[in-house]
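> The file below is structure.cif, mmCIF, C-alpha atoms and all ligand atoms:
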data_data
#
loop_
_atom_site.label_atom_id
_atom_site.label_comp_id
_atom_site.auth_asym_id
_atom_site.auth_seq_id
_atom_site.Cartn_x
_atom_site.Cartn_y
_atom_site.Cartn_z
CA MET A 295 100.66 -45.78 -88.36
CA PRO A 296 99.53 -42.35 -87.18
CA ALA A 297 102.49 -41.74 -84.81
CA THR A 298 104.97 -42.33 -87.63
CA GLY A 299 103.07 -39.81 -89.76
CA PHE A 300 103.29 -37.20 -87.03
CA TRP A 301 107.03 -37.81 -86.68
CA ILE A 302 107.56 -37.58 -90.43
CA ARG A 303 105.67 -34.28 -90.67
CA ARG A 304 107.02 -32.59 -87.58
CA ILE A 305 110.60 -33.83 -87.35
CA GLN A 306 111.83 -35.65 -90.42
CA TRP A 307 110.65 -33.23 -93.13
CA PRO A 308 111.77 -30.07 -91.32
CA MET A 309 115.15 -31.77 -90.82
CA MET A 310 115.41 -32.71 -94.50
CA GLU A 311 114.70 -29.09 -95.34
CA LEU A 312 117.32 -27.80 -92.93
CA ILE A 313 120.12 -30.26 -93.60
CA LYS A 314 119.53 -31.41 -97.14
CA GLU A 315 117.81 -28.26 -98.38
CA ASN A 316 114.84 -30.27 -99.59
CA ARG A 317 112.34 -27.86 -101.19
CA THR A 318 109.36 -30.14 -101.80
CA ARG A 319 107.05 -28.38 -99.33
CA HIS A 320 108.13 -25.01 -100.67
CA TYR A 321 107.21 -26.04 -104.23
CA MET A 322 103.96 -27.49 -102.95
CA ALA A 323 103.06 -24.13 -101.40
CA GLU A 324 103.88 -22.45 -104.73
CA LEU A 325 101.54 -24.80 -106.57
CA GLN A 326 98.90 -24.28 -103.93
CA ARG A 327 98.98 -20.53 -104.52
CA ALA A 328 98.87 -21.05 -108.29
CA GLN A 329 95.83 -23.33 -108.20
CA SER A 330 93.53 -20.48 -107.24
CA LEU A 331 94.83 -18.01 -109.85
CA GLN A 332 92.43 -16.92 -112.56
CA THR A 333 92.90 -18.47 -116.00
CA ASN A 334 94.65 -15.41 -117.48
CA ALA A 335 97.13 -15.29 -114.66
CA LEU A 336 97.80 -19.02 -114.98
CA VAL A 337 98.41 -18.72 -118.71
CA GLU A 338 100.72 -15.77 -118.12
CA SER A 339 102.68 -17.59 -115.46
CA GLN A 340 103.02 -20.63 -117.69
CA ARG A 341 104.19 -18.48 -120.60
CA LYS A 342 106.92 -16.96 -118.42
CA LYS A 343 108.10 -20.37 -117.33
CA LEU A 344 108.08 -21.67 -120.88
CA GLY A 345 110.13 -18.65 -121.96
CA LYS A 346 112.71 -19.38 -119.26
CA LEU A 347 112.89 -23.01 -120.29
CA LEU A 348 113.42 -22.02 -123.92
CA ASP A 349 116.16 -19.58 -122.88
CA HIS A 350 117.88 -22.32 -120.98
CA ALA A 351 117.49 -24.96 -123.69
CA THR A 352 118.65 -22.80 -126.59
CA ARG A 353 121.69 -21.58 -124.66
CA ARG A 354 122.87 -24.66 -122.89
CA VAL A 355 121.44 -27.76 -124.47
CA PRO A 356 123.33 -28.92 -127.60
CA ALA A 357 120.22 -30.34 -129.27
CA TYR A 358 118.60 -26.88 -129.21
CA THR A 359 121.42 -24.38 -129.61
CA GLU A 360 120.86 -24.17 -133.37
CA PHE A 361 117.49 -22.55 -132.61
CA ALA A 362 118.99 -19.83 -130.41
CA SER A 363 118.92 -16.98 -132.92
CA GLU A 364 115.41 -17.79 -134.08
CA TRP A 365 114.21 -17.82 -130.49
CA GLU A 366 115.76 -14.38 -129.94
CA THR A 367 113.44 -12.96 -132.62
CA GLN A 368 110.33 -14.66 -131.25
CA ARG A 369 110.78 -14.25 -127.52
CA ASP A 370 107.33 -12.69 -127.08
CA GLN A 371 105.62 -15.78 -128.47
CA PRO A 372 107.07 -18.84 -126.78
CA GLU A 373 104.06 -21.05 -127.63
CA ARG A 374 104.41 -20.29 -131.31
CA PHE A 375 108.15 -20.75 -131.32
CA LEU A 376 107.69 -24.13 -129.70
CA GLN A 377 105.67 -25.35 -132.67
CA ARG A 378 108.76 -24.74 -134.79
CA LEU A 379 110.70 -27.41 -132.95
CA PRO A 380 110.53 -31.00 -134.15
CA ILE A 381 108.55 -33.54 -132.14
CA LEU A 382 111.03 -35.52 -130.10
CA ARG A 383 110.46 -39.23 -130.42
CA LYS A 384 111.71 -41.63 -127.81
CA SER A 385 113.78 -43.57 -130.31
CA HIS A 386 115.57 -40.38 -131.39
CA PHE A 387 116.10 -39.33 -127.80
CA ARG A 388 117.47 -42.72 -126.86
CA GLN A 389 120.08 -42.60 -129.60
CA ASN A 390 121.08 -38.99 -128.98
CA ALA A 391 120.55 -38.61 -125.26
CA ASP A 392 123.88 -36.82 -124.72
CA GLN A 393 122.69 -33.97 -126.91
CA TYR A 394 119.91 -33.24 -124.43
CA LEU A 395 122.10 -32.90 -121.37
CA ALA A 396 122.59 -29.28 -120.31
CA GLN A 397 126.22 -28.18 -120.60
CA HIS A 398 126.60 -26.87 -117.08
CA ALA A 399 125.09 -29.97 -115.48
CA ASN A 400 127.18 -31.22 -112.59
CA PRO A 401 127.63 -34.97 -113.15
CA ALA A 402 127.70 -35.59 -109.41
CA LYS A 403 124.19 -34.21 -109.08
CA LEU A 404 122.54 -36.13 -111.88
CA ILE A 405 119.96 -38.66 -110.85
CA GLY A 406 119.93 -41.50 -113.36
CA ASN A 407 116.59 -43.03 -114.22
CA ARG A 408 115.06 -45.12 -116.90
CA THR A 409 111.55 -45.71 -117.98
CA GLY A 410 109.98 -49.05 -117.79
CA GLY A 411 107.75 -47.35 -120.25
CA SER A 412 104.32 -48.75 -120.82
CA THR A 413 105.40 -48.49 -124.44
CA GLY A 414 107.98 -51.17 -123.75
CA GLU A 415 111.02 -49.20 -124.81
CA PRO A 416 113.27 -48.60 -121.84
CA THR A 417 114.74 -45.13 -122.12
CA ARG A 418 117.54 -43.79 -119.97
CA PHE A 419 117.57 -40.20 -118.85
CA TYR A 420 118.67 -37.93 -116.03
CA LEU A 421 116.83 -35.83 -113.53
CA ASP A 422 118.08 -33.40 -110.96
CA ARG A 423 116.76 -32.76 -107.48
CA LEU A 424 114.72 -29.79 -108.56
CA ALA A 425 112.75 -31.98 -110.96
CA VAL A 426 112.27 -34.80 -108.46
CA GLU A 427 111.11 -32.43 -105.74
CA ARG A 428 108.69 -30.67 -108.07
CA TYR A 429 107.14 -33.99 -109.11
CA GLU A 430 106.81 -34.95 -105.47
CA ALA A 431 105.27 -31.58 -104.65
CA ALA A 432 102.66 -32.03 -107.37
CA ARG A 433 101.74 -35.48 -106.06
CA TRP A 434 101.40 -34.23 -102.49
CA LEU A 435 99.27 -31.33 -103.67
CA GLY A 436 96.99 -33.71 -105.59
CA LEU A 437 96.69 -35.94 -102.54
CA SER A 438 95.99 -32.92 -100.32
CA TRP A 439 92.87 -32.21 -102.39
CA HIS A 440 91.52 -35.40 -100.81
CA GLY A 441 92.61 -34.68 -97.26
CA ILE A 442 95.79 -36.78 -97.42
CA GLN A 443 98.87 -35.29 -95.76
CA ILE A 444 102.59 -35.85 -96.14
CA GLY A 445 103.52 -38.84 -94.01
CA ASP A 446 100.06 -40.38 -93.88
CA PRO A 447 100.29 -44.19 -93.81
CA CYS A 448 100.01 -45.76 -97.25
CA VAL A 449 99.87 -49.32 -98.51
CA MET A 450 101.33 -49.66 -101.98
CA ILE A 451 100.44 -52.53 -104.29
CA TRP A 452 103.66 -52.27 -106.21
CA GLY A 453 106.54 -54.03 -107.88
CA SER A 454 109.39 -54.35 -105.44
CA PRO A 455 112.81 -53.80 -106.97
CA LEU A 456 114.29 -56.99 -108.30
CA GLU A 457 117.83 -58.14 -107.81
CA LEU A 458 118.27 -56.82 -104.32
CA ASN A 459 120.06 -59.12 -101.96
CA GLN A 460 118.38 -59.88 -98.67
CA GLN A 461 120.14 -57.13 -96.79
CA GLN A 462 119.33 -54.50 -99.44
CA GLU A 463 115.75 -55.69 -99.49
CA ARG A 464 115.47 -55.35 -95.72
CA ARG A 465 117.00 -51.88 -95.85
CA TYR A 466 114.60 -50.84 -98.62
CA ARG A 467 111.60 -52.08 -96.67
CA TRP A 468 112.82 -50.45 -93.48
CA LYS A 469 113.19 -47.08 -95.23
CA GLU A 470 109.78 -47.35 -96.81
CA ARG A 471 108.24 -48.29 -93.49
CA TRP A 472 109.85 -45.80 -91.13
CA LEU A 473 110.92 -42.88 -93.31
CA LYS A 474 107.94 -42.87 -95.68
CA ASN A 475 105.28 -44.66 -93.65
CA ARG A 476 104.61 -47.01 -96.54
CA LEU A 477 104.02 -50.72 -96.58
CA ILE A 478 104.75 -52.32 -99.93
CA LEU A 479 102.86 -55.42 -101.00
CA SER A 480 104.07 -57.08 -104.16
CA ALA A 481 101.73 -56.72 -107.11
CA TYR A 482 103.46 -59.75 -108.59
CA GLU A 483 102.49 -62.19 -105.87
CA LEU A 484 98.91 -61.15 -105.66
CA ASP A 485 96.65 -64.18 -105.91
CA ARG A 486 93.84 -65.95 -104.13
CA GLU A 487 96.19 -67.70 -101.73
CA GLN A 488 97.93 -64.50 -100.71
CA LEU A 489 94.71 -62.55 -100.33
CA PRO A 490 94.04 -63.28 -96.62
CA THR A 491 97.68 -62.47 -95.75
CA TYR A 492 97.52 -59.19 -97.65
CA LEU A 493 94.27 -58.25 -95.93
CA ARG A 494 95.75 -58.99 -92.50
CA LEU A 495 98.86 -56.92 -93.25
CA ILE A 496 96.74 -54.00 -94.42
CA GLN A 497 94.46 -54.20 -91.40
CA ARG A 498 97.45 -54.21 -89.07
CA PHE A 499 99.08 -51.26 -90.84
CA GLN A 500 95.93 -49.10 -90.77
CA PRO A 501 96.63 -47.05 -93.92
CA VAL A 502 94.88 -43.79 -94.75
CA TYR A 503 95.07 -44.66 -98.46
CA LEU A 504 96.10 -47.36 -100.91
CA TYR A 505 98.27 -46.70 -103.95
CA GLY A 506 98.88 -49.00 -106.91
CA TYR A 507 98.62 -49.95 -110.56
CA ALA A 508 95.06 -49.75 -111.87
CA SER A 509 95.07 -53.37 -113.01
CA ALA A 510 96.60 -54.70 -109.77
CA LEU A 511 94.11 -52.80 -107.60
CA HIS A 512 91.36 -54.05 -109.84
CA SER A 513 92.26 -57.72 -109.56
CA PHE A 514 92.74 -57.32 -105.80
CA ALA A 515 89.26 -55.78 -105.59
CA GLU A 516 87.72 -58.53 -107.72
CA MET A 517 89.13 -61.24 -105.49
CA MET A 518 87.73 -59.48 -102.41
CA LEU A 519 84.28 -59.13 -103.94
CA GLU A 520 84.32 -62.76 -105.12
CA ARG A 521 84.80 -63.89 -101.54
CA GLY A 522 82.65 -61.21 -99.94
CA LEU A 523 85.61 -59.87 -97.95
CA SER A 524 86.06 -56.29 -96.79
CA LEU A 525 88.94 -54.31 -95.32
CA GLY A 526 87.09 -52.96 -92.34
CA ILE A 527 89.15 -49.75 -92.51
CA ARG A 528 87.88 -46.33 -93.52
CA LEU A 529 90.19 -45.26 -96.31
CA LYS A 530 90.30 -41.69 -97.57
CA ALA A 531 91.07 -42.92 -101.07
CA VAL A 532 92.52 -45.55 -103.33
CA VAL A 533 95.03 -43.96 -105.74
CA SER A 534 95.35 -45.57 -109.15
CA THR A 535 98.43 -44.82 -111.19
CA ALA A 536 100.70 -45.82 -114.08
CA GLU A 537 97.95 -47.15 -116.34
CA SER A 538 94.62 -46.16 -117.85
CA LEU A 539 91.87 -46.54 -115.31
CA HIS A 540 88.75 -47.89 -116.97
CA ALA A 541 85.28 -47.09 -115.65
CA HIS A 542 84.53 -50.72 -114.77
CA GLN A 543 87.83 -50.98 -112.86
CA ARG A 544 87.04 -47.85 -110.91
CA GLN A 545 83.61 -49.22 -109.97
CA THR A 546 84.97 -52.55 -108.79
CA ILE A 547 87.77 -50.92 -106.76
CA GLU A 548 85.36 -48.45 -105.16
CA SER A 549 82.91 -51.09 -104.11
CA ALA A 550 85.54 -53.50 -102.76
CA PHE A 551 87.46 -50.92 -100.72
CA GLU A 552 84.46 -48.70 -99.96
CA ALA A 553 86.47 -45.60 -100.80
CA PRO A 554 86.71 -43.15 -103.69
CA VAL A 555 89.27 -43.92 -106.39
CA ILE A 556 91.65 -41.12 -107.38
CA ASN A 557 93.36 -41.24 -110.73
CA GLU A 558 96.97 -40.05 -110.86
CA TYR A 559 98.48 -39.33 -114.26
CA GLY A 560 102.23 -39.16 -114.43
CA ALA A 561 105.08 -40.65 -116.35
CA ARG A 562 108.51 -41.55 -115.12
CA ASP A 563 109.95 -39.51 -117.98
CA GLY A 564 107.30 -36.80 -117.97
CA GLY A 565 106.75 -36.05 -114.31
CA MET A 566 103.44 -35.57 -112.56
CA ILE A 567 101.06 -34.37 -115.22
CA ALA A 568 97.56 -34.34 -113.75
CA TYR A 569 95.57 -35.39 -110.69
CA GLN A 570 91.92 -36.04 -110.11
CA CYS A 571 90.09 -33.56 -107.88
CA PRO A 572 87.21 -34.32 -105.50
CA SER A 573 84.73 -33.35 -108.26
CA GLY A 574 86.14 -36.08 -110.45
CA GLN A 575 88.02 -33.96 -113.01
CA MET A 576 91.66 -34.43 -113.98
CA HIS A 577 93.50 -31.14 -113.35
CA ILE A 578 96.75 -30.52 -115.20
CA PHE A 579 99.68 -29.16 -113.22
CA SER A 580 100.07 -26.36 -115.72
CA GLU A 581 102.77 -24.79 -113.58
CA ASN A 582 104.93 -27.85 -114.17
CA CYS A 583 104.06 -28.76 -117.71
CA TYR A 584 102.97 -27.09 -120.89
CA LEU A 585 100.42 -29.00 -122.95
CA GLU A 586 102.97 -31.00 -124.82
CA VAL A 587 106.12 -29.67 -123.27
CA VAL A 588 106.54 -31.20 -119.96
CA ASP A 589 108.82 -30.74 -117.03
CA PRO A 590 110.58 -28.31 -114.90
CA LEU A 591 113.60 -30.26 -116.12
CA THR A 592 116.80 -28.34 -116.17
CA VAL A 593 119.48 -30.92 -116.66
CA MET A 594 117.82 -32.64 -119.56
CA PRO A 595 115.14 -30.52 -121.16
CA ARG A 596 113.21 -32.45 -123.74
CA LEU A 597 110.96 -30.11 -125.66
CA ARG A 598 107.93 -31.54 -127.44
CA TYR A 599 108.84 -34.94 -126.06
CA GLN A 600 106.38 -37.53 -127.23
CA LEU A 601 105.29 -39.59 -124.26
CA GLY A 602 103.06 -41.78 -126.35
CA ASP A 603 99.82 -41.37 -124.43
CA MET A 604 96.73 -40.06 -126.15
CA ILE A 605 95.13 -37.27 -124.21
CA ALA A 606 92.44 -34.69 -124.84
CA LEU A 607 92.14 -31.28 -123.24
CA SER A 608 88.78 -30.13 -122.04
CA PRO A 609 87.44 -26.60 -122.49
CA GLN A 610 85.46 -27.10 -119.28
CA SER A 611 86.32 -25.61 -115.98
CA CYS A 612 85.64 -27.36 -112.70
CA ASP A 613 83.55 -26.27 -109.75
CA CYS A 614 85.94 -27.60 -107.09
CA GLY A 615 87.87 -24.35 -106.68
CA ILE A 616 91.06 -25.59 -108.31
CA ASN A 617 91.69 -23.53 -111.42
CA PHE A 618 94.29 -25.70 -113.11
CA PRO A 619 93.05 -26.67 -116.58
CA VAL A 620 91.12 -29.87 -117.05
CA LEU A 621 92.16 -32.95 -118.97
CA GLU A 622 89.29 -34.76 -120.58
CA LYS A 623 90.61 -38.09 -121.60
CA ILE A 624 93.69 -40.19 -121.13
CA ASP A 625 94.03 -43.17 -123.30
CA GLY A 626 96.57 -45.70 -124.17
CA ARG A 627 98.37 -47.07 -121.17
CA GLU A 628 97.55 -50.73 -121.19
CA ASP A 629 99.32 -53.42 -119.24
CA ASP A 630 97.87 -56.85 -119.29
CA MET A 631 97.87 -59.23 -116.38
CA PHE A 632 99.26 -62.69 -117.06
CA ILE A 633 98.29 -65.99 -115.55
CA SER A 634 100.74 -68.64 -114.37
CA THR A 635 100.31 -72.36 -114.91
CA HIS A 636 99.42 -72.55 -111.18
CA GLY A 637 96.65 -69.99 -111.54
CA LYS A 638 98.66 -67.08 -110.09
CA ILE A 639 98.10 -63.64 -111.52
CA VAL A 640 101.26 -61.89 -112.67
CA HIS A 641 101.30 -58.22 -113.56
CA GLY A 642 102.65 -57.27 -116.99
CA HIS A 643 105.06 -54.86 -115.29
CA TYR A 644 106.95 -57.85 -114.02
CA PHE A 645 108.58 -58.54 -117.40
CA ASN A 646 109.35 -54.92 -117.80
CA HIS A 647 111.04 -54.93 -114.46
CA ILE A 648 113.38 -57.74 -115.42
CA ILE A 649 114.25 -56.22 -118.78
CA ARG A 650 114.86 -52.81 -117.31
CA GLY A 651 117.69 -54.31 -115.29
CA MET A 652 119.46 -55.53 -118.46
CA ASP A 653 121.27 -53.52 -121.11
CA SER A 654 120.94 -56.21 -123.76
CA PHE A 655 117.53 -55.33 -125.11
CA ARG A 656 116.11 -52.12 -126.48
CA THR A 657 112.58 -53.31 -126.37
CA PHE A 658 110.48 -56.42 -126.22
CA GLN A 659 107.01 -57.79 -126.55
CA ILE A 660 105.67 -60.79 -124.71
CA VAL A 661 102.39 -62.44 -125.67
CA GLN A 662 100.61 -65.11 -123.68
CA HIS A 663 98.62 -67.13 -126.21
CA GLU A 664 97.65 -69.84 -123.74
CA PRO A 665 98.68 -70.17 -120.09
CA SER A 666 101.65 -72.36 -121.03
CA ARG A 667 102.42 -71.04 -124.52
CA LEU A 668 104.05 -67.65 -124.99
CA SER A 669 106.02 -65.80 -127.58
CA LEU A 670 108.69 -63.24 -126.88
CA LYS A 671 110.06 -60.74 -129.38
CA LEU A 672 113.31 -59.03 -128.52
CA VAL A 673 115.10 -56.09 -130.09
CA LYS A 674 118.82 -56.32 -129.34
CA ASP A 675 121.02 -53.46 -128.33
CA PRO A 676 124.08 -54.46 -130.37
CA ASP A 677 126.44 -52.36 -128.25
CA SER A 678 125.69 -54.02 -124.97
CA TYR A 679 124.15 -57.37 -125.82
CA LEU A 680 125.09 -60.32 -123.59
CA PRO A 681 123.83 -63.75 -124.73
CA ALA A 682 123.47 -64.79 -121.08
CA ASP A 683 120.73 -62.18 -120.63
CA GLU A 684 118.38 -64.21 -122.78
CA SER A 685 118.55 -67.18 -120.43
CA ARG A 686 118.29 -64.92 -117.39
CA LEU A 687 115.19 -63.41 -118.90
CA LEU A 688 113.65 -66.79 -119.66
CA ALA A 689 114.44 -67.98 -116.13
CA GLY A 690 112.67 -64.90 -114.79
CA ILE A 691 109.61 -65.59 -116.93
CA GLN A 692 109.46 -69.21 -115.78
CA ALA A 693 109.94 -68.23 -112.15
CA ALA A 694 106.74 -66.23 -112.39
CA LEU A 695 104.65 -68.24 -114.82
CA GLY A 696 105.80 -71.81 -114.18
CA GLU A 697 106.95 -74.37 -116.75
CA VAL A 698 105.89 -72.48 -119.82
CA ASN A 699 107.00 -72.75 -123.39
CA VAL A 700 108.45 -69.49 -124.71
CA GLN A 701 109.15 -69.04 -128.41
CA VAL A 702 111.90 -66.41 -128.70
CA ALA A 703 112.40 -64.30 -131.83
CA TYR A 704 114.87 -61.50 -132.44
CA VAL A 705 113.41 -58.69 -134.51
CA ASP A 706 114.50 -55.22 -135.63
CA HIS A 707 111.34 -53.45 -134.73
CA ILE A 708 108.07 -54.01 -132.92
CA PRO A 709 105.17 -52.34 -134.71
CA PRO A 710 102.64 -50.39 -132.66
CA SER A 711 99.12 -51.64 -132.14
CA ALA A 712 96.06 -49.96 -133.63
CA SER A 713 96.03 -47.44 -130.76
CA GLY A 714 99.45 -46.21 -131.82
CA LYS A 715 101.19 -47.61 -128.77
CA VAL A 716 103.55 -50.49 -128.70
CA ARG A 717 102.18 -52.85 -126.11
CA TYR A 718 104.83 -54.92 -124.47
CA ALA A 719 102.69 -57.37 -122.53
CA ILE A 720 99.66 -58.88 -124.20
CA ARG A 721 97.47 -61.72 -122.94
CA GLU A 722 95.23 -63.51 -125.42
CA CYS A 723 93.76 -66.20 -123.16
CA PRO A 724 91.18 -65.69 -120.40
CA LEU A 725 92.62 -64.65 -117.04
CA THR A 726 90.39 -66.82 -114.94
CA THR A 727 91.11 -70.48 -114.56
CA ALA A 728 88.65 -72.90 -113.01
CA PRO A 729 88.44 -72.15 -109.28
CA ARG A 730 90.57 -74.53 -107.29
CA MET A 731 89.46 -76.39 -104.19
CA GLU A 732 90.87 -74.77 -101.06
ZN ZN B 1 88.17 -29.93 -109.96
#
Starting from the file, lay out its structure as structure tokens.

Amino acid sequence: MPATGFWIRRIQWPMMELIKENRTRHYMAELQRAQSLQTNALVESQRKKLGKLLDHATRRVPAYTEFASEWETQRDQPERFLQRLPILRKSHFRQNADQYLAQHANPAKLIGNRTGGSTGEPTRFYLDRLAVERYEAARWLGLSWHGIQIGDPCVMIWGSPLELNQQQERRYRWKERWLKNRLILSAYELDREQLPTYLRLIQRFQPVYLYGYASALHSFAEMMLERGLSLGIRLKAVVSTAESLHAHQRQTIESAFEAPVINEYGARDGGMIAYQCPSGQMHIFSENCYLEVVDPLTVMPRLRYQLGDMIALSPQSCDCGINFPVLEKIDGREDDMFISTHGKIVHGHYFNHIIRGMDSFRTFQIVQHEPSRLSLKLVKDPDSYLPADESRLLAGIQAALGEVNVQVAYVDHIPPSASGKVRYAIRECPLTTAPRME
């Protein structure tokens, strides 16, 4: 809706800046200036920021204060000092999260969050507004490389928050629609029956771009191609996020939506890390993250925090005019799609979504061996375990997949797969069932 976009840009954002002191556009302008700096200047700027972060962490963050005197002697070499710090694993962080909270942090200003984590281990942490606004700024900058502006209409193929009552749900949708100009279509209900409805909703909304999980966009695109359907709207881009985007998925999405696919690389607990430019390279927001150290986080600095993705840096530069360094390869975020006994496709995030709302389980792994036969491994959190959560979880699984048989096992640990990542949602049977008569 173009008029809504105009209103958002001209009235709503300036008001948010005035009344709520929102700084997103300010940070975006900062990043925009940085992107055309020469490599030396970028490295220098990043070194300064890293130094500041280390100052802050060693002074105020209990987990790092023991390194304070060592840091004092190595202040001119922040990169080298960083290597001295232990790698921070999620499991360690989860058990000692309090140690990572800055001492001056005002509890009223903490923004609680938790990862769904494509590694299947929900982790709780805090952000502050500075961090949130910087992440947002990086995303808007990445989108601006493709001609997309703040407030442009967007259709998201996304998981809607569970456990909202009807009124909360309506409020959420209203806010998305009128304050963000976004229409959210559930990635969990995406199937052949819903396809025509989804297409109609998209056509009526007239988005400038689509945004969604790689696998959900891909199955949407496959269904369209299967039936020879098209959107009939000129999109500027389709933005794929939250998972690895494979070359064959990109191809299918591009041909179904007749628009370029942009890969966004971020993590709920790592911020916006990189964005694809019009020349097809992934540029790292080096002003917001340092190779392995991520974040402009101030309330909860996690140095050398291991996100669990495998990435490779590229020595190449890019000809697009953006000088942020280039990321060569991102590997490891895999979320399988599941199939219900009625032939519906259910995104692996769905299970994650349910579990994230419960404190009973530290992590889980669900495997679909056959459409109606699954196994579920659960790791209990002994401090907050409620037996009723198991039946709630099973009810949630059956609501999505139908009358399936789920073998539940409680385990102490879920070993990672060969890639090094713990996969929480694995499908072993083919996704396609025989086409039904319609
Ligand atoms: Zn580029």
> In Å, how far is it from CA of Glu622 (chain A) to CA of Met576 (chain A)?
7.0 Å
> Mind pulling up the distance from CA of Lys638 (chain A) to CA of Glu697 (chain A)?
12.9 Å
> May I ask which of the residues A:Ala297, A:Leu347, A:Met309, A:Cys571 is the closest one to ligand ZN 1 (chain B), counting all atoms listed in the file?
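Checking each candidate against ligand ZN 1 (chain B), we get A:Cys571 as the closest.
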> Identify, counting only C-alpha atoms and all ligand atoms, the protein, DNA and RNA residues located within 10 Å of ligand ZN 1 (chain B), and give them as a PyMOL selection string.
chain A and resi 439+569-577+611-620
> Measuring atom to atom with all atoms listed in the file, identify which of A:Thr417, A:Ser608, A:Gln329, A:Asn582 is nearest to Gly651 (chain A).
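Among A:Thr417, A:Ser608, A:Gln329, A:Asn582, it is A:Thr417 that comes nearest to Gly651 (chain A).
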> Can you work out the spacing between CA of Leu325 (chain A) and CA of Arg423 (chain A) in Å, to one decimal?
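Taking CA of Leu325 (chain A) as the start and CA of Arg423 (chain A) as the end point, the length is 17.2 Å.
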